[in-house]
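Below: coords_29.txt (compact mmCIF, C-alpha atoms and all ligand atoms)
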```
# COMPACT_ATOMS: atom_id res chain seq x y z
CA MET A 1 -28.82 -18.34 -4.66
CA GLY A 2 -25.75 -16.90 -2.88
CA LEU A 3 -23.41 -19.22 -4.74
CA GLN A 4 -25.12 -18.29 -8.01
CA LEU A 5 -24.60 -14.59 -7.29
CA VAL A 6 -20.90 -15.13 -6.56
CA ASP A 7 -20.64 -17.26 -9.69
CA ARG A 8 -22.12 -14.48 -11.83
CA HIS A 9 -19.45 -12.11 -10.54
CA ASP A 10 -16.69 -14.70 -11.05
CA ARG A 11 -17.67 -15.17 -14.68
CA GLY A 12 -16.95 -11.47 -15.10
CA LYS A 13 -20.09 -10.99 -17.19
CA GLU A 14 -21.03 -7.69 -15.58
CA PRO A 15 -20.81 -4.59 -17.70
CA ARG A 16 -17.80 -2.35 -17.02
CA GLU A 17 -20.31 0.46 -16.69
CA PHE A 18 -23.96 0.56 -15.74
CA GLU A 19 -26.73 3.11 -15.37
CA MET A 20 -28.61 3.71 -12.14
CA LEU A 21 -30.57 6.61 -10.67
CA GLY A 22 -30.04 8.64 -13.83
CA LEU A 23 -26.22 8.40 -13.78
CA ARG A 24 -23.58 6.16 -15.32
CA TRP A 25 -21.22 4.28 -13.03
CA HIS A 26 -17.87 2.49 -13.30
CA LEU A 27 -17.86 -1.16 -12.22
CA ILE A 28 -14.64 -3.01 -11.43
CA PRO A 29 -14.54 -6.85 -11.63
CA GLN A 30 -14.93 -8.62 -8.27
CA VAL A 31 -16.99 -5.76 -6.81
CA PHE A 32 -20.67 -6.33 -5.93
CA ALA A 33 -22.54 -5.49 -9.14
CA PRO A 34 -25.70 -3.48 -8.42
CA VAL A 35 -27.20 -4.83 -11.67
CA HIS A 36 -28.19 -8.32 -10.44
CA THR A 37 -30.77 -7.22 -7.85
CA ASP A 38 -32.61 -3.98 -7.10
CA SER A 39 -31.14 -3.65 -3.60
CA THR A 40 -28.71 -0.80 -4.25
CA GLN A 41 -31.24 1.36 -6.05
CA LEU A 42 -34.08 0.73 -3.59
CA PHE A 43 -32.06 1.42 -0.46
CA THR A 44 -30.49 4.53 -1.99
CA GLU A 45 -33.95 5.85 -2.85
CA TRP A 46 -35.34 5.06 0.60
CA LEU A 47 -32.55 6.37 2.85
CA PRO A 48 -33.18 9.73 4.59
CA PHE A 49 -29.83 11.35 3.74
CA PRO A 50 -29.20 14.18 6.22
CA GLU A 51 -28.68 17.41 4.27
CA GLY A 52 -25.63 19.14 5.73
CA GLY A 53 -25.00 16.10 7.96
CA THR A 54 -22.59 13.18 7.99
CA PHE A 55 -23.11 9.72 6.52
CA LEU A 56 -21.19 6.48 7.03
CA GLU A 57 -21.74 3.77 4.45
CA VAL A 58 -20.45 0.37 5.52
CA GLY A 59 -19.76 -1.93 2.56
CA CYS A 60 -19.83 0.73 -0.16
CA GLY A 61 -19.21 -1.64 -3.12
CA ALA A 62 -19.19 0.37 -6.35
CA GLY A 63 -20.08 3.52 -4.38
CA VAL A 64 -23.56 4.32 -5.70
CA THR A 65 -25.14 5.04 -2.30
CA ALA A 66 -22.14 6.99 -0.99
CA VAL A 67 -21.99 9.18 -4.10
CA MET A 68 -25.76 9.78 -4.11
CA ALA A 69 -25.54 10.78 -0.42
CA ALA A 70 -22.93 13.40 -1.29
CA LEU A 71 -25.00 14.61 -4.25
CA ALA A 72 -28.07 14.78 -1.96
CA GLY A 73 -26.24 17.27 0.25
CA CYS A 74 -24.47 15.32 2.99
CA SER A 75 -21.55 17.49 4.06
CA ARG A 76 -19.24 14.54 4.66
CA VAL A 77 -19.52 10.92 3.54
CA THR A 78 -17.30 8.15 4.86
CA ALA A 79 -17.42 4.94 2.83
CA VAL A 80 -15.73 1.73 3.97
CA ASP A 81 -15.40 -1.74 2.48
CA ILE A 82 -13.53 -4.92 3.37
CA ASN A 83 -12.88 -5.51 -0.35
CA PRO A 84 -9.97 -3.34 -1.59
CA GLU A 85 -11.41 -3.35 -5.12
CA ALA A 86 -14.63 -1.80 -3.78
CA VAL A 87 -12.57 1.00 -2.20
CA ARG A 88 -10.99 1.69 -5.58
CA ASN A 89 -14.37 1.49 -7.34
CA THR A 90 -15.99 3.99 -4.96
CA GLU A 91 -13.07 6.39 -5.41
CA LEU A 92 -13.50 6.16 -9.20
CA ASN A 93 -17.22 6.91 -9.01
CA ALA A 94 -16.75 9.74 -6.50
CA ALA A 95 -14.31 11.36 -8.94
CA ARG A 96 -16.60 10.67 -11.92
CA HIS A 97 -19.48 12.50 -10.25
CA GLY A 98 -17.44 15.38 -8.83
CA VAL A 99 -17.81 14.60 -5.11
CA ALA A 100 -14.34 13.19 -4.31
CA ASP A 101 -13.74 16.17 -1.99
CA ARG A 102 -16.68 15.11 0.20
CA ILE A 103 -16.19 11.33 0.25
CA HIS A 104 -13.52 9.67 2.35
CA VAL A 105 -13.09 6.04 1.29
CA LEU A 106 -11.36 3.54 3.56
CA HIS A 107 -10.39 -0.13 3.40
CA SER A 108 -11.91 -1.40 6.62
CA ASP A 109 -13.55 -4.36 8.32
CA LEU A 110 -16.71 -2.60 9.55
CA TYR A 111 -15.63 0.26 11.86
CA ASP A 112 -11.97 -0.79 12.32
CA ALA A 113 -10.33 1.99 10.26
CA LEU A 114 -12.47 4.81 11.69
CA ALA A 115 -11.11 7.21 14.28
CA PRO A 116 -12.10 5.84 17.71
CA GLY A 117 -14.67 8.54 18.48
CA ALA A 118 -16.00 9.14 14.95
CA GLN A 119 -19.80 9.52 14.92
CA PHE A 120 -22.30 10.06 12.12
CA ASP A 121 -25.84 11.34 11.56
CA LEU A 122 -26.69 8.32 9.43
CA VAL A 123 -25.04 4.89 9.33
CA PHE A 124 -26.08 2.29 6.75
CA TRP A 125 -25.09 -1.11 5.40
CA ASN A 126 -26.63 -2.98 2.45
CA SER A 127 -25.37 -6.16 4.04
CA ASN A 128 -24.16 -9.58 2.92
CA VAL A 129 -27.38 -11.21 4.08
CA ILE A 130 -26.66 -14.90 3.50
CA CYS A 131 -25.62 -16.55 6.75
CA ALA A 132 -22.72 -18.90 5.95
CA PRO A 133 -21.88 -21.80 8.28
CA GLN A 134 -18.96 -21.52 10.72
CA GLU A 135 -16.79 -23.80 8.55
CA PHE A 136 -17.17 -21.50 5.50
CA VAL A 137 -13.77 -20.25 4.27
CA TYR A 138 -13.58 -17.00 2.30
CA THR A 139 -11.28 -17.55 -0.68
CA ARG A 140 -11.70 -14.15 -2.32
CA PRO A 141 -12.92 -10.71 -1.21
CA MET A 142 -16.01 -10.77 -3.46
CA GLN A 143 -17.58 -13.48 -1.28
CA HIS A 144 -17.89 -10.91 1.52
CA ALA A 145 -20.55 -9.17 -0.57
CA ILE A 146 -22.86 -12.17 -0.26
CA PHE A 147 -21.92 -14.29 2.77
CA ASP A 148 -21.51 -13.44 6.47
CA ARG A 149 -20.07 -16.39 8.40
CA GLY A 150 -22.26 -17.04 11.44
CA TYR A 151 -23.65 -13.48 11.11
CA ALA A 152 -20.62 -12.27 13.10
CA ALA A 153 -20.44 -9.06 11.05
CA HIS A 154 -24.19 -8.40 11.42
CA HIS A 155 -23.86 -8.84 15.18
CA ARG A 156 -20.98 -6.40 15.39
CA TYR A 157 -22.58 -3.94 12.97
CA LEU A 158 -25.59 -3.61 15.27
CA ARG A 159 -23.67 -3.78 18.57
CA GLU A 160 -21.12 -1.10 17.68
CA GLY A 161 -23.31 0.85 15.29
CA LEU A 162 -25.24 2.58 18.05
CA THR A 163 -21.97 3.93 19.50
CA ARG A 164 -21.17 5.47 16.10
CA LEU A 165 -24.22 7.76 16.10
CA THR A 166 -24.44 11.45 16.92
CA GLY A 167 -27.17 12.46 19.41
CA SER A 168 -29.86 12.43 16.73
CA GLY A 169 -28.10 9.87 14.54
CA ARG A 170 -29.90 6.91 12.93
CA LEU A 171 -28.68 3.38 12.16
CA PHE A 172 -30.09 1.46 9.18
CA LEU A 173 -29.63 -2.00 7.70
CA GLY A 174 -30.58 -2.99 4.16
CA PHE A 175 -31.78 -6.59 4.45
CA ASN A 176 -33.70 -9.04 2.25
CA SER A 177 -35.56 -12.33 2.32
CA LEU A 178 -32.48 -14.37 1.32
CA GLY A 179 -31.18 -13.62 4.82
CA ASP A 180 -32.00 -15.29 8.14
CA ALA A 181 -34.46 -12.88 9.78
CA ASP A 182 -34.90 -15.03 12.91
CA ARG A 183 -31.17 -15.07 13.55
CA LEU A 184 -30.88 -11.35 12.87
CA ASN A 185 -33.68 -10.56 15.33
CA SER A 186 -32.14 -12.80 17.95
CA LEU A 187 -28.73 -11.10 17.56
CA ALA A 188 -30.40 -7.70 17.74
CA ALA A 189 -32.15 -8.66 20.97
CA GLN A 190 -28.82 -9.82 22.44
CA CYS A 191 -27.40 -6.36 21.68
CA GLY A 192 -30.38 -4.57 23.19
CA VAL A 193 -31.45 -3.40 19.74
CA ARG A 194 -34.95 -3.25 18.28
CA LEU A 195 -35.30 -3.49 14.49
CA THR A 196 -38.15 -1.58 12.87
CA GLU A 197 -39.06 -1.94 9.20
CA ARG A 198 -39.14 1.45 7.45
CA ASN A 199 -39.65 0.28 3.83
CA ARG A 200 -40.29 -2.97 2.02
CA THR A 201 -40.96 -4.18 -1.49
CA THR A 202 -40.74 -7.44 -3.41
CA ARG A 203 -38.91 -7.70 -6.73
CA ARG A 204 -37.62 -10.59 -8.82
CA ALA A 205 -33.91 -11.39 -8.67
CA GLY A 206 -33.44 -13.72 -11.63
CA GLU A 207 -36.15 -16.37 -11.15
CA VAL A 208 -36.64 -15.74 -7.45
CA PRO A 209 -38.88 -13.16 -5.78
CA VAL A 210 -36.91 -11.32 -3.12
CA THR A 211 -38.38 -8.98 -0.50
CA PHE A 212 -36.10 -6.04 0.27
CA GLN A 213 -36.43 -4.32 3.64
CA LEU A 214 -34.89 -1.17 5.03
CA LEU A 215 -34.62 -1.75 8.79
CA GLU A 216 -33.87 0.86 11.42
CA ALA A 217 -32.00 -0.21 14.56
CA ALA A 218 -32.52 1.60 17.84
CA ALA A 219 -31.62 0.83 21.45
CA ILE A 220 -34.30 -0.85 23.56
CA ARG A 221 -34.73 1.51 26.49
CA ASP A 222 -36.55 -0.69 29.00
CA GLY A 223 -33.56 -1.78 31.09
CA ARG A 224 -33.15 -5.18 29.42
CA ARG A 225 -30.11 -4.11 27.39
CA SER A 226 -27.46 -6.86 27.42
CA VAL A 227 -24.58 -5.87 25.12
C1 LIG A 301 -24.49 -6.47 -0.78
S1 LIG A 301 -22.97 -5.65 -1.06
C2 LIG A 301 -23.52 -3.94 -1.18
C3 LIG A 301 -22.56 -3.05 -1.93
C4 LIG A 301 -23.05 -1.62 -2.17
N1 LIG A 301 -23.31 -0.93 -0.94
C5 LIG A 301 -24.30 -1.62 -3.02
O1 LIG A 301 -25.40 -1.43 -2.45
O2 LIG A 301 -24.20 -1.81 -4.23
C6 LIG A 301 -22.23 -5.71 0.57
C7 LIG A 301 -20.91 -4.99 0.68
O3 LIG A 301 -20.45 -5.10 2.03
C8 LIG A 301 -19.05 -5.35 2.02
N2 LIG A 301 -18.68 -5.99 3.29
C9 LIG A 301 -18.96 -7.25 3.70
N3 LIG A 301 -18.45 -7.47 4.93
C10 LIG A 301 -17.86 -6.32 5.32
C11 LIG A 301 -17.16 -5.92 6.48
N4 LIG A 301 -16.98 -6.76 7.51
N5 LIG A 301 -16.67 -4.66 6.55
C12 LIG A 301 -16.83 -3.80 5.49
N6 LIG A 301 -17.49 -4.13 4.36
C13 LIG A 301 -18.00 -5.36 4.27
C14 LIG A 301 -18.85 -6.23 0.80
O4 LIG A 301 -17.50 -6.25 0.36
C15 LIG A 301 -19.81 -5.57 -0.19
O5 LIG A 301 -19.18 -4.55 -0.92
```

Before anything else, please render the file you have as structure tokens.
Amino acid sequence: MGLQLVDRHDRGKEPREFEMLGLRWHLIPQVFAPVHTDSTQLFTEWLPFPEGGTFLEVGCGAGVTAVMAALAGCSRVTAVDINPEAVRNTELNAARHGVADRIHVLHSDLYDALAPGAQFDLVFWNSNVICAPQEFVYTRPMQHAIFDRGYAAHHRYLREGLTRLTGSGRLFLGFNSLGDADRLNSLAAQCGVRLTERNRTTRRAGEVPVTFQLLEAAAIRDGRRSV
């Protein structure tokens, strides 16, 4: 399924524009296309964007969630992606929808390009849920949208994510049934993190039913933390 999704992007068959959440969006080739599954729309609808607060979107792709956060009233949105084309795509959509002054887009591997102490009221990643084997070699940036080698990025997202939250900040992960839930839960436990499902629904992605889950990560506070 992961290889098929990458293949669809490689064939460049995505529209250059698409409609979602009542708006039209630019889509650059080799950026995760929100048109193949319902993940982008569902997570954007489910997230509790903090009005007047700050939002960090990891892996912003075409920028739908980041732009909708700004339109929903977040005072400052930071959007990062490891794929330089996704950075450009998010900038285009921020300008298209008049929120470029509130969205700061960065080329970054997870939190690397953020200021050391930067913290946010809401942190979110619609992640690359397919766990690739250790020998997997990324040959182009688009593959990062689908595959996470050994779940190293998921591990770090959870481990460092809690340190990126303000006092009342919340950390979310958009996950789905194509991912390895057992491995994710085991990595979370290693980081002293408990994952709680906040929303779930099942939709078809092509021929396959996929269950999408919005998970919230919070520190386990019983003394067993082992980061
Ligand atoms: C499933 S796509 C979601 C894109 C977009 N948020 C959406 O919902 O349409 C995952 C995104 O995470 C990005 N990504 C993967 N690994 C990353 C990393 N280590 N740091 C930053 N972004 C990453 C990918 O490039 C991709 O844009």

Would you give me, as CSV, each residue of chain A having an atom within 7 Å of an atom of ligand LIG 301 (chain A), along with its shortest atom pair and that distance in Å to one decimal, using all atoms listed in the file and sorting by chain and residue number?
```
residue,atom,partner,partner_atom,distance
A:Val31,CA,A:LIG301,O5,6.4
A:Phe32,CA,A:LIG301,S1,5.4
A:Ala33,CA,A:LIG301,O2,6.4
A:Pro34,CA,A:LIG301,O2,4.8
A:Ser39,CA,A:LIG301,O1,6.3
A:Thr40,CA,A:LIG301,O1,3.8
A:Val58,CA,A:LIG301,N6,5.5
A:Gly59,CA,A:LIG301,O3,3.3
A:Cys60,CA,A:LIG301,N1,3.9
A:Gly61,CA,A:LIG301,O5,3.6
A:Ala62,CA,A:LIG301,O2,5.9
A:Gly63,CA,A:LIG301,C4,6.3
A:Val64,CA,A:LIG301,O2,6.3
A:Thr65,CA,A:LIG301,N1,6.4
A:Val80,CA,A:LIG301,C12,5.8
A:Asp81,CA,A:LIG301,N6,3.7
A:Ile82,CA,A:LIG301,C12,4.1
A:Asn83,CA,A:LIG301,O4,4.7
A:Ala86,CA,A:LIG301,O5,6.0
A:Ser108,CA,A:LIG301,C12,5.6
A:Asp109,CA,A:LIG301,N5,3.6
A:Leu110,CA,A:LIG301,N5,3.6
A:Trp125,CA,A:LIG301,N1,6.6
A:Asn126,CA,A:LIG301,C2,4.9
A:Ser127,CA,A:LIG301,C6,4.7
A:Asn128,CA,A:LIG301,C1,4.8
A:Pro141,CA,A:LIG301,O4,6.6
A:Met142,CA,A:LIG301,O4,6.1
A:His144,CA,A:LIG301,C9,4.4
A:Ala145,CA,A:LIG301,C14,3.7
A:Ile146,CA,A:LIG301,C1,6.0
A:Asp148,CA,A:LIG301,N3,6.9
A:Ala153,CA,A:LIG301,N4,5.5
```

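Atom CA of A:Gln119 lies 11.1 Å from atom CA of A:Leu171.
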
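Interatomic distance, atom CA of A:Val67 to atom CA of A:Glu17: 15.4 Å.
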
Got a sec: who's within 12 Å of A:Val137, counting only C-alpha atoms, leaving out chain neighbours fewer than 5 positions off, as an mmCIF file with C-alpha atoms, in the frame of the given file?
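Saved file selection_4.cif follows:
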```cif
data_model
loop_
_atom_site.group_PDB
_atom_site.id
_atom_site.type_symbol
_atom_site.label_atom_id
_atom_site.label_comp_id
_atom_site.auth_asym_id
_atom_site.auth_seq_id
_atom_site.Cartn_x
_atom_site.Cartn_y
_atom_site.Cartn_z
ATOM 1 C CA ALA A 132 -22.720 -18.900 5.950
ATOM 2 C CA GLN A 143 -17.580 -13.480 -1.280
ATOM 3 C CA HIS A 144 -17.890 -10.910 1.520
ATOM 4 C CA PHE A 147 -21.920 -14.290 2.770
ATOM 5 C CA ASP A 148 -21.510 -13.440 6.470
ATOM 6 C CA ARG A 149 -20.070 -16.390 8.400
ATOM 7 C CA GLY A 150 -22.260 -17.040 11.440
#
```

Nearest to A:Leu184 among A:Val77, A:Ala217, A:Ala72, A:Leu122, with distances taken over all atoms listed in the file: which residue is it?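 Going through A:Val77, A:Ala217, A:Ala72, A:Leu122 one by one, the smallest distance to A:Leu184 is for A:Ala217.
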
Within 8 Å of stretch 203-215 of chain A using all atoms listed in the file, minus same-chain residues under 6 positions, as number ranges by chain: A: 36-39, 43, 46, 172-178, 195-197

Residue selection dump (C-alpha atoms) as a PDB file, in the coordinates of the input:
```
ATOM      1  CA  HIS A  36     -28.190  -8.320 -10.440  1.00  0.00           C
ATOM      2  CA  THR A  37     -30.770  -7.220  -7.850  1.00  0.00           C
ATOM      3  CA  ASP A  38     -32.610  -3.980  -7.100  1.00  0.00           C
ATOM      4  CA  SER A  39     -31.140  -3.650  -3.600  1.00  0.00           C
ATOM      5  CA  PHE A  43     -32.060   1.420  -0.460  1.00  0.00           C
ATOM      6  CA  TRP A  46     -35.340   5.060   0.600  1.00  0.00           C
ATOM      7  CA  PHE A 172     -30.090   1.460   9.180  1.00  0.00           C
ATOM      8  CA  LEU A 173     -29.630  -2.000   7.700  1.00  0.00           C
ATOM      9  CA  GLY A 174     -30.580  -2.990   4.160  1.00  0.00           C
ATOM     10  CA  PHE A 175     -31.780  -6.590   4.450  1.00  0.00           C
ATOM     11  CA  ASN A 176     -33.700  -9.040   2.250  1.00  0.00           C
ATOM     12  CA  SER A 177     -35.560 -12.330   2.320  1.00  0.00           C
ATOM     13  CA  LEU A 178     -32.480 -14.370   1.320  1.00  0.00           C
ATOM     14  CA  LEU A 195     -35.300  -3.490  14.490  1.00  0.00           C
ATOM     15  CA  THR A 196     -38.150  -1.580  12.870  1.00  0.00           C
ATOM     16  CA  GLU A 197     -39.060  -1.940   9.200  1.00  0.00           C
TER      17      GLU A 197
END
```

As AutoDock Vina command-line options: centre and edge lengths in Å, one decimal, of the axis-aligned box holding stretch 114-128 of chain A with 3 Å per side:
```
--center_x -18.9 --center_y 0.9 --center_z 10.5 --size_x 21.6 --size_y 26.9 --size_z 22.0
```

Restricting the calculation to all atoms listed in the file, which member of A:Tyr151, A:Asp10, A:Ala70, A:Ile103 is positioned closest to A:Phe136?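 Ranking A:Tyr151, A:Asp10, A:Ala70, A:Ile103 by distance to A:Phe136, first place goes to A:Tyr151.
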
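For A:Arg156, the set of protein, DNA and RNA residues having any atom at most 10 Å away, when counting all atoms listed in the file and skipping those fewer than 6 positions along the same chain, is Leu110, Tyr111, Leu187, Ala188 and Cys191 of chain A.
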
Which of A:Gly192, A:Val129, A:Val35, A:Gln134 sits closest to A:His9 [using all atoms listed in the file]: A:Val35

Could you check how far atom CA of A:Gln41 sits from atom CA of A:Val99, in Å to one decimal?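 Value for the atom CA of A:Gln41-atom CA of A:Val99 distance: 18.9 Å.
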
Once you count all atoms listed in the file, which residues end up no further than 7 Å from (-10.7, 6.4, 0.3) in the file's frame, shown as a list in words? Val87, Glu91, His104, Val105 and Leu106 of chain A

Could you check the closest approach to A:Arg96 for each of A:His154, A:Arg24, A:Arg159, A:Arg164 and tell me which residue wins, using all atoms listed in the file?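 Of A:His154, A:Arg24, A:Arg159, A:Arg164, the one nearest A:Arg96 is A:Arg24, counting all atoms listed in the file.
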